[in-house]
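As provided, structure28.cif (mmCIF, C-alpha atoms and all ligand atoms) reads as follows.
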data_input
#
loop_
_atom_site.label_atom_id
_atom_site.label_comp_id
_atom_site.auth_asym_id
_atom_site.auth_seq_id
_atom_site.Cartn_x
_atom_site.Cartn_y
_atom_site.Cartn_z
CA MET A 295 0.00 0.00 0.00
CA LYS A 296 1.21 3.49 -0.78
CA GLU A 297 2.15 5.73 2.10
CA ASP A 298 -0.32 8.53 2.70
CA ILE A 299 1.43 11.87 3.04
CA PHE A 300 -1.60 14.10 3.58
CA GLY A 301 -1.37 16.14 6.78
CA LEU A 302 2.37 15.73 7.29
CA THR A 303 4.22 18.81 8.48
CA LEU A 304 6.59 20.42 6.01
CA ALA A 305 9.60 19.00 7.91
CA GLU A 306 8.11 15.51 7.78
CA LEU A 307 7.38 15.89 4.08
CA GLU A 308 10.92 17.08 3.39
CA ASP A 309 12.32 13.98 5.09
CA LYS A 310 10.15 11.73 2.94
CA PHE A 311 11.15 13.54 -0.22
CA VAL A 312 14.85 13.46 0.54
CA SER A 313 14.75 9.75 1.34
CA LEU A 314 13.12 9.16 -2.05
CA GLY A 315 15.92 11.06 -3.73
CA LEU A 316 13.80 14.13 -4.49
CA LYS A 317 15.09 17.65 -3.98
CA LYS A 318 14.14 19.08 -0.61
CA PHE A 319 12.58 22.24 -2.08
CA ARG A 320 10.12 20.06 -3.99
CA ALA A 321 8.48 19.27 -0.67
CA LYS A 322 7.74 22.94 -0.16
CA GLN A 323 6.18 23.19 -3.61
CA VAL A 324 3.99 20.17 -2.99
CA PHE A 325 3.07 21.56 0.43
CA GLN A 326 1.85 24.74 -1.24
CA TRP A 327 -0.20 22.86 -3.78
CA LEU A 328 -1.83 20.85 -1.06
CA TYR A 329 -2.56 23.40 1.62
CA GLN A 330 -2.73 26.73 -0.17
CA LYS A 331 -4.21 25.65 -3.48
CA SER A 332 -6.08 22.50 -2.38
CA VAL A 333 -4.80 20.48 -5.32
CA PHE A 334 -4.77 16.80 -4.42
CA ASP A 335 -3.42 15.05 -7.46
CA PHE A 336 0.27 15.17 -8.21
CA ALA A 337 -0.35 15.46 -11.95
CA GLY A 338 -2.01 18.82 -11.39
CA MET A 339 1.07 20.30 -9.68
CA HIS A 340 2.42 22.17 -12.68
CA ASN A 341 5.84 23.15 -11.41
CA LEU A 342 6.91 19.51 -10.95
CA SER A 343 8.65 17.51 -13.64
CA LYS A 344 6.96 14.49 -15.23
CA ALA A 345 9.58 12.25 -13.65
CA ASP A 346 8.97 13.65 -10.18
CA ILE A 347 5.21 13.33 -10.60
CA ALA A 348 5.63 9.71 -11.62
CA LEU A 349 7.80 9.02 -8.58
CA LEU A 350 5.33 10.69 -6.23
CA GLU A 351 2.41 8.82 -7.75
CA GLU A 352 4.26 5.56 -7.41
CA HIS A 353 5.07 6.02 -3.73
CA PHE A 354 2.52 8.29 -2.12
CA ALA A 355 -1.21 8.49 -1.62
CA LEU A 356 -3.22 11.54 -0.58
CA LEU A 357 -6.10 11.11 1.83
CA PRO A 358 -8.48 13.52 0.04
CA ARG A 359 -8.41 11.07 -2.87
CA GLU A 360 -8.64 8.00 -0.64
CA VAL A 361 -11.78 8.97 1.24
CA LYS A 362 -15.12 8.06 -0.25
CA ILE A 363 -18.05 10.43 -0.13
CA LEU A 364 -20.88 8.12 0.90
CA ARG A 365 -23.56 10.76 1.04
CA GLU A 366 -23.86 14.42 0.27
CA GLN A 367 -26.75 16.59 1.32
CA ASN A 368 -27.25 20.24 0.49
CA SER A 369 -29.84 22.27 2.35
CA GLN A 370 -32.52 23.85 0.22
CA ASP A 371 -31.43 27.35 1.17
CA GLY A 372 -27.98 26.53 -0.20
CA VAL A 373 -26.32 27.51 3.06
CA THR A 374 -25.28 24.15 4.42
CA SER A 375 -23.65 21.09 2.85
CA LYS A 376 -23.06 17.93 4.71
CA LEU A 377 -20.74 15.11 3.68
CA LEU A 378 -20.61 11.61 5.04
CA LEU A 379 -17.00 10.53 4.48
CA ALA A 380 -15.62 7.01 4.65
CA PHE A 381 -11.95 6.56 5.46
CA PRO A 382 -9.93 3.78 3.86
CA ASP A 383 -10.64 1.50 6.86
CA GLY A 384 -14.38 1.82 6.16
CA ASN A 385 -15.22 4.01 9.16
CA SER A 386 -17.29 7.06 8.42
CA VAL A 387 -17.76 10.54 9.88
CA GLU A 388 -19.85 13.55 9.07
CA THR A 389 -18.62 17.00 8.26
CA VAL A 390 -20.63 20.13 7.55
CA LEU A 391 -19.84 23.27 5.57
CA MET A 392 -21.77 26.42 6.42
CA HIS A 393 -21.80 29.58 4.35
CA HIS A 394 -22.20 32.66 6.57
CA ASP A 395 -22.08 36.31 5.56
CA TYR A 396 -18.54 36.47 6.92
CA GLY A 397 -17.28 33.38 5.11
CA TYR A 398 -17.21 29.63 5.25
CA SER A 399 -17.03 27.56 8.37
CA VAL A 400 -16.71 23.82 8.76
CA CYS A 401 -17.94 21.66 11.59
CA VAL A 402 -15.50 18.77 11.92
CA SER A 403 -15.77 15.46 13.71
CA SER A 404 -13.00 14.39 16.08
CA GLN A 405 -13.86 10.71 16.60
CA VAL A 406 -15.71 7.93 14.81
CA GLY A 407 -18.79 7.71 16.99
CA CYS A 408 -18.61 8.93 20.57
CA ALA A 409 -18.30 7.35 24.00
CA MET A 410 -20.16 10.02 25.95
CA GLY A 411 -23.64 8.58 25.47
CA CYS A 412 -25.62 11.82 25.68
CA ALA A 413 -29.29 10.94 25.64
CA PHE A 414 -30.31 13.31 22.83
CA CYS A 415 -27.34 12.78 20.51
CA ALA A 416 -27.11 10.44 17.54
CA SER A 417 -23.29 10.32 17.47
CA GLY A 418 -23.00 8.00 20.42
CA LEU A 419 -25.62 5.47 19.38
CA ASN A 420 -22.94 2.83 18.78
CA GLY A 421 -20.22 4.09 21.13
CA CYS A 422 -16.79 5.38 20.12
CA ILE A 423 -15.10 3.30 17.44
CA ARG A 424 -11.80 5.17 17.31
CA ASN A 425 -10.06 8.53 17.40
CA LEU A 426 -9.41 10.44 14.20
CA THR A 427 -5.85 11.31 13.22
CA ARG A 428 -4.63 14.83 12.48
CA ALA A 429 -4.87 14.07 8.75
CA GLU A 430 -8.42 12.76 9.09
CA ILE A 431 -9.47 15.94 10.87
CA LEU A 432 -7.71 18.13 8.31
CA VAL A 433 -9.15 16.33 5.32
CA GLN A 434 -12.63 17.38 6.43
CA VAL A 435 -11.60 21.02 5.96
CA TYR A 436 -9.57 20.51 2.81
CA LEU A 437 -12.23 18.61 0.89
CA PHE A 438 -14.35 21.72 1.23
CA ASN A 439 -11.42 23.98 0.34
CA GLU A 440 -11.07 21.96 -2.83
CA ARG A 441 -14.72 22.58 -3.67
CA LEU A 442 -14.34 26.31 -2.97
CA ARG A 443 -11.36 26.63 -5.29
CA GLY A 444 -13.53 27.74 -8.17
CA GLU A 445 -14.74 30.77 -6.26
CA ASN A 446 -11.28 31.49 -4.90
CA ALA A 447 -12.50 30.98 -1.36
CA MET A 448 -11.28 28.95 1.59
CA VAL A 449 -12.75 27.80 4.83
CA SER A 450 -12.00 30.52 7.39
CA ARG A 451 -13.53 29.05 10.54
CA VAL A 452 -13.51 25.64 12.11
CA VAL A 453 -15.72 24.37 14.90
CA VAL A 454 -14.85 21.02 16.43
CA MET A 455 -18.48 20.23 17.03
CA GLY A 456 -19.14 17.22 14.86
CA SER A 457 -19.21 13.72 16.26
CA GLY A 458 -16.86 12.75 19.02
CA GLU A 459 -15.49 14.36 22.14
CA PRO A 460 -12.47 16.45 21.13
CA MET A 461 -11.00 16.58 24.62
CA LEU A 462 -10.63 12.79 24.51
CA ASN A 463 -8.60 13.08 21.32
CA PHE A 464 -6.76 16.18 22.41
CA ARG A 465 -3.38 16.03 20.65
CA PRO A 466 -4.57 15.21 17.12
CA VAL A 467 -7.28 17.88 17.39
CA MET A 468 -4.79 20.54 18.54
CA ASP A 469 -2.26 19.40 15.93
CA ALA A 470 -4.90 19.84 13.23
CA LEU A 471 -5.78 23.32 14.50
CA ASP A 472 -2.10 24.28 14.77
CA PHE A 473 -1.64 23.08 11.20
CA LEU A 474 -4.49 25.26 9.92
CA HIS A 475 -2.99 28.22 11.73
CA LEU A 476 0.30 28.07 9.81
CA GLU A 477 1.01 30.89 7.40
CA SER A 478 2.09 28.26 4.87
CA THR A 479 -1.33 26.54 4.98
CA SER A 480 -4.69 28.18 5.71
CA PHE A 481 -3.28 30.94 7.96
CA MET A 482 -6.42 30.65 10.06
CA SER A 483 -6.60 32.62 13.26
CA TYR A 484 -7.09 30.63 16.47
CA ARG A 485 -9.85 33.10 17.22
CA ASN A 486 -11.74 31.54 14.33
CA MET A 487 -11.51 28.08 15.86
CA THR A 488 -13.83 26.61 18.46
CA ILE A 489 -13.58 23.43 20.47
CA SER A 490 -16.82 22.17 21.94
CA THR A 491 -16.74 19.78 24.90
CA CYS A 492 -19.31 18.01 27.01
CA GLY A 493 -17.21 19.13 29.99
CA ILE A 494 -14.04 17.05 30.26
CA ILE A 495 -12.28 19.21 32.86
CA PRO A 496 -8.73 17.87 32.35
CA GLY A 497 -9.14 18.71 28.65
CA ILE A 498 -10.20 22.27 29.46
CA LYS A 499 -7.09 22.59 31.63
CA LYS A 500 -4.88 21.21 28.88
CA LEU A 501 -6.35 23.69 26.42
CA GLN A 502 -5.63 26.46 28.89
CA ALA A 503 -2.04 25.27 29.34
CA ASP A 504 -1.64 25.15 25.56
CA GLY A 505 -2.25 28.87 25.57
CA LYS A 506 -3.79 29.41 22.13
CA PRO A 507 -6.74 31.81 21.87
CA VAL A 508 -9.09 29.05 20.71
CA ASN A 509 -12.75 29.54 21.58
CA LEU A 510 -14.23 27.18 24.10
CA ALA A 511 -17.81 25.96 23.93
CA ILE A 512 -19.37 23.91 26.69
CA SER A 513 -22.31 21.62 26.04
CA LEU A 514 -24.25 22.39 29.19
CA HIS A 515 -27.84 21.43 28.33
CA ALA A 516 -29.12 21.26 31.91
CA VAL A 517 -28.49 23.01 35.21
CA ARG A 518 -30.02 20.51 37.60
CA GLN A 519 -27.60 17.76 38.62
CA GLU A 520 -30.04 14.90 38.33
CA LEU A 521 -31.37 15.99 34.96
CA ARG A 522 -27.93 16.69 33.56
CA THR A 523 -26.73 13.25 34.62
CA GLU A 524 -29.76 11.75 32.94
CA LEU A 525 -29.09 13.65 29.71
CA MET A 526 -25.29 13.57 29.85
CA PRO A 527 -23.77 10.69 31.85
CA VAL A 528 -20.42 12.55 31.85
CA ASN A 529 -21.96 14.74 34.55
CA LYS A 530 -21.24 11.95 37.04
CA SER A 531 -17.49 12.35 36.47
CA PHE A 532 -17.45 16.11 35.89
CA ASN A 533 -20.48 17.86 37.29
CA PHE A 534 -21.58 21.01 35.59
CA VAL A 535 -20.79 23.38 38.47
CA ASP A 536 -17.13 22.34 38.32
CA VAL A 537 -17.23 22.48 34.53
CA ILE A 538 -18.47 26.08 34.58
CA GLN A 539 -15.72 26.94 37.02
CA ALA A 540 -13.05 25.37 34.79
CA ALA A 541 -14.49 27.19 31.76
CA GLU A 542 -14.38 30.46 33.69
CA GLY A 543 -10.73 29.76 34.47
CA TYR A 544 -10.08 29.30 30.78
CA SER A 545 -11.90 32.48 29.93
CA GLU A 546 -10.03 34.53 32.53
CA ALA A 547 -6.65 33.16 31.48
CA GLY A 548 -7.12 33.98 27.80
CA GLY A 549 -9.72 36.69 27.79
CA ARG A 550 -11.94 34.60 25.57
CA GLN A 551 -15.66 34.45 26.05
CA VAL A 552 -17.10 30.98 26.68
CA THR A 553 -20.14 29.78 24.78
CA TYR A 554 -22.56 27.54 26.61
CA GLU A 555 -24.67 25.36 24.39
CA TYR A 556 -28.09 24.52 25.69
CA ILE A 557 -30.33 22.21 23.70
CA LEU A 558 -33.95 22.96 24.40
CA LEU A 559 -35.88 19.74 24.89
CA ARG A 560 -39.62 19.97 25.28
CA ASP A 561 -40.79 19.54 28.87
CA LYS A 562 -37.32 18.47 29.96
CA ASN A 563 -35.14 21.52 30.41
CA ASP A 564 -37.20 24.35 28.91
CA SER A 565 -39.14 25.59 31.95
CA VAL A 566 -39.15 29.06 33.48
CA GLN A 567 -37.35 27.63 36.47
CA ASP A 568 -34.59 26.20 34.26
CA ALA A 569 -34.11 29.57 32.57
CA GLU A 570 -33.83 31.31 35.94
CA LEU A 571 -31.39 28.69 37.25
CA LEU A 572 -29.26 28.95 34.12
CA SER A 573 -29.18 32.71 34.58
CA ASN A 574 -28.04 32.32 38.17
CA TYR A 575 -25.12 30.12 37.16
CA LEU A 576 -23.94 32.38 34.37
CA ARG A 577 -24.64 35.82 35.80
CA PHE A 578 -21.57 38.11 35.69
CA LYS A 579 -19.63 35.55 33.70
CA HIS A 580 -17.85 36.28 30.42
CA ALA A 581 -20.26 33.99 28.66
CA THR A 582 -22.87 33.68 26.02
CA VAL A 583 -25.60 31.07 25.72
CA ASN A 584 -26.38 29.41 22.44
CA LEU A 585 -29.84 27.91 22.61
CA ILE A 586 -30.44 25.02 20.25
CA PRO A 587 -34.03 23.94 19.73
CA ALA A 588 -33.44 20.16 19.63
CA ASN A 589 -33.28 18.35 16.36
CA PRO A 590 -35.46 15.37 17.11
CA VAL A 591 -33.56 12.07 17.00
CA PRO A 592 -36.14 9.36 16.29
CA GLU A 593 -34.26 6.74 18.37
CA LYS A 594 -34.27 9.00 21.39
CA GLY A 595 -37.81 10.26 21.65
CA PHE A 596 -36.97 13.91 22.35
CA GLU A 597 -39.02 16.74 20.98
CA ARG A 598 -38.38 20.34 20.16
CA PRO A 599 -40.22 22.90 22.32
CA SER A 600 -42.83 25.20 20.79
CA LYS A 601 -41.68 28.55 19.41
CA ALA A 602 -43.40 30.22 22.35
CA ALA A 603 -41.46 28.12 24.86
CA VAL A 604 -38.18 28.98 23.13
CA GLU A 605 -39.06 32.67 23.18
CA ARG A 606 -40.04 32.54 26.83
CA PHE A 607 -36.67 30.95 27.67
CA VAL A 608 -34.70 33.58 25.74
CA LYS A 609 -36.66 36.44 27.30
CA ILE A 610 -35.83 35.25 30.81
CA LEU A 611 -32.14 35.06 30.01
CA GLN A 612 -32.23 38.52 28.47
CA LYS A 613 -34.10 39.96 31.43
CA ASN A 614 -31.28 38.57 33.58
CA LYS A 615 -28.67 40.24 31.33
CA ILE A 616 -27.32 36.98 30.00
CA ASN A 617 -26.15 37.09 26.37
CA ALA A 618 -28.25 34.59 24.52
CA THR A 619 -28.85 33.64 20.93
CA VAL A 620 -31.03 30.99 19.40
CA ARG A 621 -29.08 28.92 16.94
CA LYS A 622 -30.16 29.70 13.44
CA GLU A 623 -31.81 26.73 11.91
CA MET A 624 -29.20 25.64 9.47
CA GLY A 625 -29.59 22.45 7.63
CA LYS A 626 -32.45 20.96 9.59
CA ASP A 627 -33.57 19.44 6.31
CA ILE A 628 -30.24 17.67 5.93
CA ASP A 629 -29.99 15.86 9.28
CA ALA A 630 -27.36 18.33 10.37
CA ALA A 631 -27.40 17.52 14.07
CA CYS A 632 -24.35 15.54 15.06
CA GLY A 633 -24.35 12.01 13.92
CA GLN A 634 -27.78 12.06 12.37
CA LEU A 635 -26.72 11.47 8.80
CA ARG A 636 -24.31 8.72 9.78
CA ALA A 637 -26.90 7.11 12.04
CA LYS A 638 -29.38 7.11 9.18
CA PHE A 639 -26.81 5.60 6.84
CA VAL A 640 -25.96 2.85 9.35
CA ARG A 641 -29.69 2.16 9.84
CA GLU A 642 -30.18 1.87 6.09
CA GLN A 643 -27.24 -0.52 5.77
CA GLU A 644 -28.59 -2.66 8.58
CA SER A 645 -32.03 -2.93 7.07
CA LYS A 646 -30.63 -4.09 3.71
N1 LIG B 1 -18.67 16.22 22.25
C1 LIG B 1 -18.63 17.62 22.03
C2 LIG B 1 -18.75 18.04 20.58
C3 LIG B 1 -19.80 17.33 19.74
S1 LIG B 1 -21.49 17.67 20.04
C4 LIG B 1 -19.67 18.31 22.87
O1 LIG B 1 -20.40 17.63 23.58
O2 LIG B 1 -19.72 19.52 22.89
C5 LIG B 1 -21.81 19.22 19.31
C6 LIG B 1 -23.09 19.87 19.78
O3 LIG B 1 -24.27 19.34 19.14
C7 LIG B 1 -23.26 19.65 21.27
O4 LIG B 1 -23.63 20.83 21.92
C8 LIG B 1 -24.33 18.60 21.27
O5 LIG B 1 -24.93 18.56 22.50
C9 LIG B 1 -25.22 19.06 20.11
N2 LIG B 1 -26.23 18.05 19.71
C10 LIG B 1 -26.16 16.72 19.80
N3 LIG B 1 -27.33 16.14 19.46
C11 LIG B 1 -28.17 17.13 19.14
C12 LIG B 1 -29.55 17.16 18.73
N4 LIG B 1 -30.27 16.06 18.59
N5 LIG B 1 -30.11 18.38 18.50
C13 LIG B 1 -29.38 19.51 18.63
N6 LIG B 1 -28.09 19.53 19.02
C14 LIG B 1 -27.48 18.35 19.28
#
What does the file become when written as structure tokens?
Ligand code: SAH
Amino acid sequence: MKEDIFGLTLAELEDKFVSLGLKKFRAKQVFQWLYQKSVFDFAGMHNLSKADIALLEEHFALLPREVKILREQNSQDGVTSKLLLAFPDGNSVETVLMHHDYGYSVCVSSQVGCAMGCAFCASGLNGCIRNLTRAEILVQVYLFNERLRGENAMVSRVVVMGSGEPMLNFRPVMDALDFLHLESTSFMSYRNMTISTCGIIPGIKKLQADGKPVNLAISLHAVRQELRTELMPVNKSFNFVDVIQAAEGYSEAGGRQVTYEYILLRDKNDSVQDAELLSNYLRFKHATVNLIPANPVPEKGFERPSKAAVERFVKILQKNKINATVRKEMGKDIDAACGQLRAKFVREQESK
């Protein structure tokens, strides 16, 4: 099997090239083709000689050409595209491109499946199969960059909010973000990157120690211990009060505002009392709340609250001077909640 060189650092690529007898500066040229121009076939790299191209083709593979696109869904409004990608080992993940007024952002997955078992989430239906590598995280961004080539655009924001728990795959996730930050690749600001966690406190601390101005999002979803444990079993290991404290620590250390995600589930966590409690926990914090009217997951039996209930919840937060937004409905028609497209695909395969 050919060695896959996608996602290698420039130094690593140079070593490979030199050991193949290629000139070291060729590695830099190839690096530019890959990560600045999003060209993923050696034959299209016009400043290489035919002989070099042949040598590269003989020895190396590139992950963007090795992954299969199992499914592609585009929302009717044209704003969101979702891909279900299969890696060479057959495992699949979802990745979503969103077109905002300020540019393109991608929601990447960090693991195949997820071990956290949140009650409302489709990603964890079959547990965590494995971690993704740096290259597998990067390819989710670069496949979209390749598609944007025609309009001379590039993905300018990344949210690690697809399937998986990024804090349990910390190093590859950070390596991928560091890679995107390089001037020789996407030159993406850390301020345009967000890591979302269900509240793995050691991960929050590691992120803080790493010292990059990456945005932190916390999947909070409930502010009563019993309910949160029911919805998110991770609350038994890291209860939400400690999680908020760790997130505050992160925010104070780096001056970054924390986003708290709160899925609104009908008659579960959408009451007046919940809104008041949430306000009490977040009052005077450098925080914003992102309310997400739940995308129903058929396997899970959760429903989305009425519009009126959502509005009531927001109004209470606003009255209490808590920054709150309701997540714009992007891609509801394309199963855009984490894991939903993959879960559907797996279901379809099983029923065949
Ligand atoms: N494990 C990380 C990142 C992946 S989940 C985390 O927990 O933050 C990304 C976000 O999508 C989380 O806030 C998650 O709770 C939310 N999500 C999962 N299932 C959903 C559903 N059915 N409807 C709406 N949002 C959902």
Query - Shell around segment 470-481 of chain A at 6 Å using only C-alpha atoms, local window under 4 positions removed, as a list in words - result: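 Here the qualifying residues turn out to be Tyr329, Gln330, Arg428 and Leu432 of chain A.
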Using only C-alpha atoms and all ligand atoms, the shortest atom-to-atom distance to ligand LIG 1 (chain B) among A:Gly548, A:Gly301, A:Gly397, A:Pro587 belongs to A:Pro587
#### Entry: Close residues, Ala511 of chain A itself excluded, 7 Å, all atoms listed in the file, min 6 positions apart in chain, as a list in words
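Everything that qualifies: Thr488, Ile489, Ser490, Thr491, Val552, Thr553, Tyr554 and Glu555 of chain A.
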So that I have them on file, write out the residues from the current selection with C-alpha atoms, as a CSV table (one decimal), in the coordinates of the input.
chain,number,residue,atom,x,y,z
A,488,THR,CA,-13.8,26.6,18.5
A,489,ILE,CA,-13.6,23.4,20.5
A,490,SER,CA,-16.8,22.2,21.9
A,491,THR,CA,-16.7,19.8,24.9
A,552,VAL,CA,-17.1,31.0,26.7
A,553,THR,CA,-20.1,29.8,24.8
A,554,TYR,CA,-22.6,27.5,26.6
A,555,GLU,CA,-24.7,25.4,24.4
**Study point:** Spatial neighbours of Thr619 of chain A, max dist 9 Å, all atoms listed in the file, sep filter under 3 positions, as a PyMOL selection string
**Key:** chain A and resi 582-586+608+622
Next on the checklist: Neighbours of ligand LIG 1 (chain B) at 7 Å or closer, counting only C-alpha atoms and all ligand atoms: which residues, as an MDAnalysis selection string?
Outcome noted: chainID A and resid 414:416 454:460 490:492 511:513 555:557 586:591 631:632
Atom pair atom CA of Ser332 of chain A + atom CA of Glu440 of chain A, distance 5.0 Å
Q.
Which residues are near segment 308-320 of chain A? Cut-off 10 Å, all atoms listed in the file, ignore same chain within fewer than 3 positions. Put them as a PyMOL selection string.
A. chain A and resi 299+302-305+323-326+341-342+346+349-350+353-354
Your completed segment 357-373 of chain A with N, CA and C atoms, as a short mmCIF file (atom, residue, chain, number, x, y, z; two decimals), in the frame of the given file:
data_model
loop_
_atom_site.label_atom_id
_atom_site.label_comp_id
_atom_site.auth_asym_id
_atom_site.auth_seq_id
_atom_site.Cartn_x
_atom_site.Cartn_y
_atom_site.Cartn_z
N LEU A 357 -4.82 11.45 1.20
CA LEU A 357 -6.10 11.11 1.83
C LEU A 357 -7.34 11.71 1.14
N PRO A 358 -7.27 12.98 0.69
CA PRO A 358 -8.48 13.52 0.04
C PRO A 358 -8.93 12.68 -1.15
N ARG A 359 -8.01 11.95 -1.76
CA ARG A 359 -8.41 11.07 -2.87
C ARG A 359 -8.78 9.68 -2.37
N GLU A 360 -8.39 9.35 -1.16
CA GLU A 360 -8.64 8.00 -0.64
C GLU A 360 -9.99 7.90 0.07
N VAL A 361 -10.50 9.03 0.55
CA VAL A 361 -11.78 8.97 1.24
C VAL A 361 -12.90 8.86 0.21
N LYS A 362 -13.95 8.17 0.62
CA LYS A 362 -15.12 8.06 -0.25
C LYS A 362 -16.21 8.96 0.31
N ILE A 363 -16.91 9.64 -0.59
CA ILE A 363 -18.05 10.43 -0.13
C ILE A 363 -19.29 9.54 -0.25
N LEU A 364 -19.76 9.08 0.90
CA LEU A 364 -20.88 8.12 0.90
C LEU A 364 -22.20 8.82 0.64
N ARG A 365 -22.31 10.02 1.18
CA ARG A 365 -23.56 10.76 1.04
C ARG A 365 -23.22 12.24 0.99
N GLU A 366 -24.02 12.97 0.27
CA GLU A 366 -23.86 14.42 0.27
C GLU A 366 -25.24 15.02 0.32
N GLN A 367 -25.44 15.95 1.23
CA GLN A 367 -26.75 16.59 1.32
C GLN A 367 -26.55 18.09 1.34
N ASN A 368 -27.32 18.78 0.51
CA ASN A 368 -27.25 20.24 0.49
C ASN A 368 -28.59 20.78 0.94
N SER A 369 -28.56 21.73 1.87
CA SER A 369 -29.84 22.27 2.35
C SER A 369 -30.48 23.08 1.24
N GLN A 370 -31.81 23.17 1.31
CA GLN A 370 -32.52 23.85 0.22
C GLN A 370 -32.13 25.31 0.09
N ASP A 371 -31.81 25.93 1.22
CA ASP A 371 -31.43 27.35 1.17
C ASP A 371 -30.01 27.54 0.65
N GLY A 372 -29.32 26.44 0.37
CA GLY A 372 -27.98 26.53 -0.20
C GLY A 372 -26.91 26.93 0.80
N VAL A 373 -27.25 27.00 2.06
CA VAL A 373 -26.32 27.51 3.06
C VAL A 373 -25.44 26.41 3.65
#
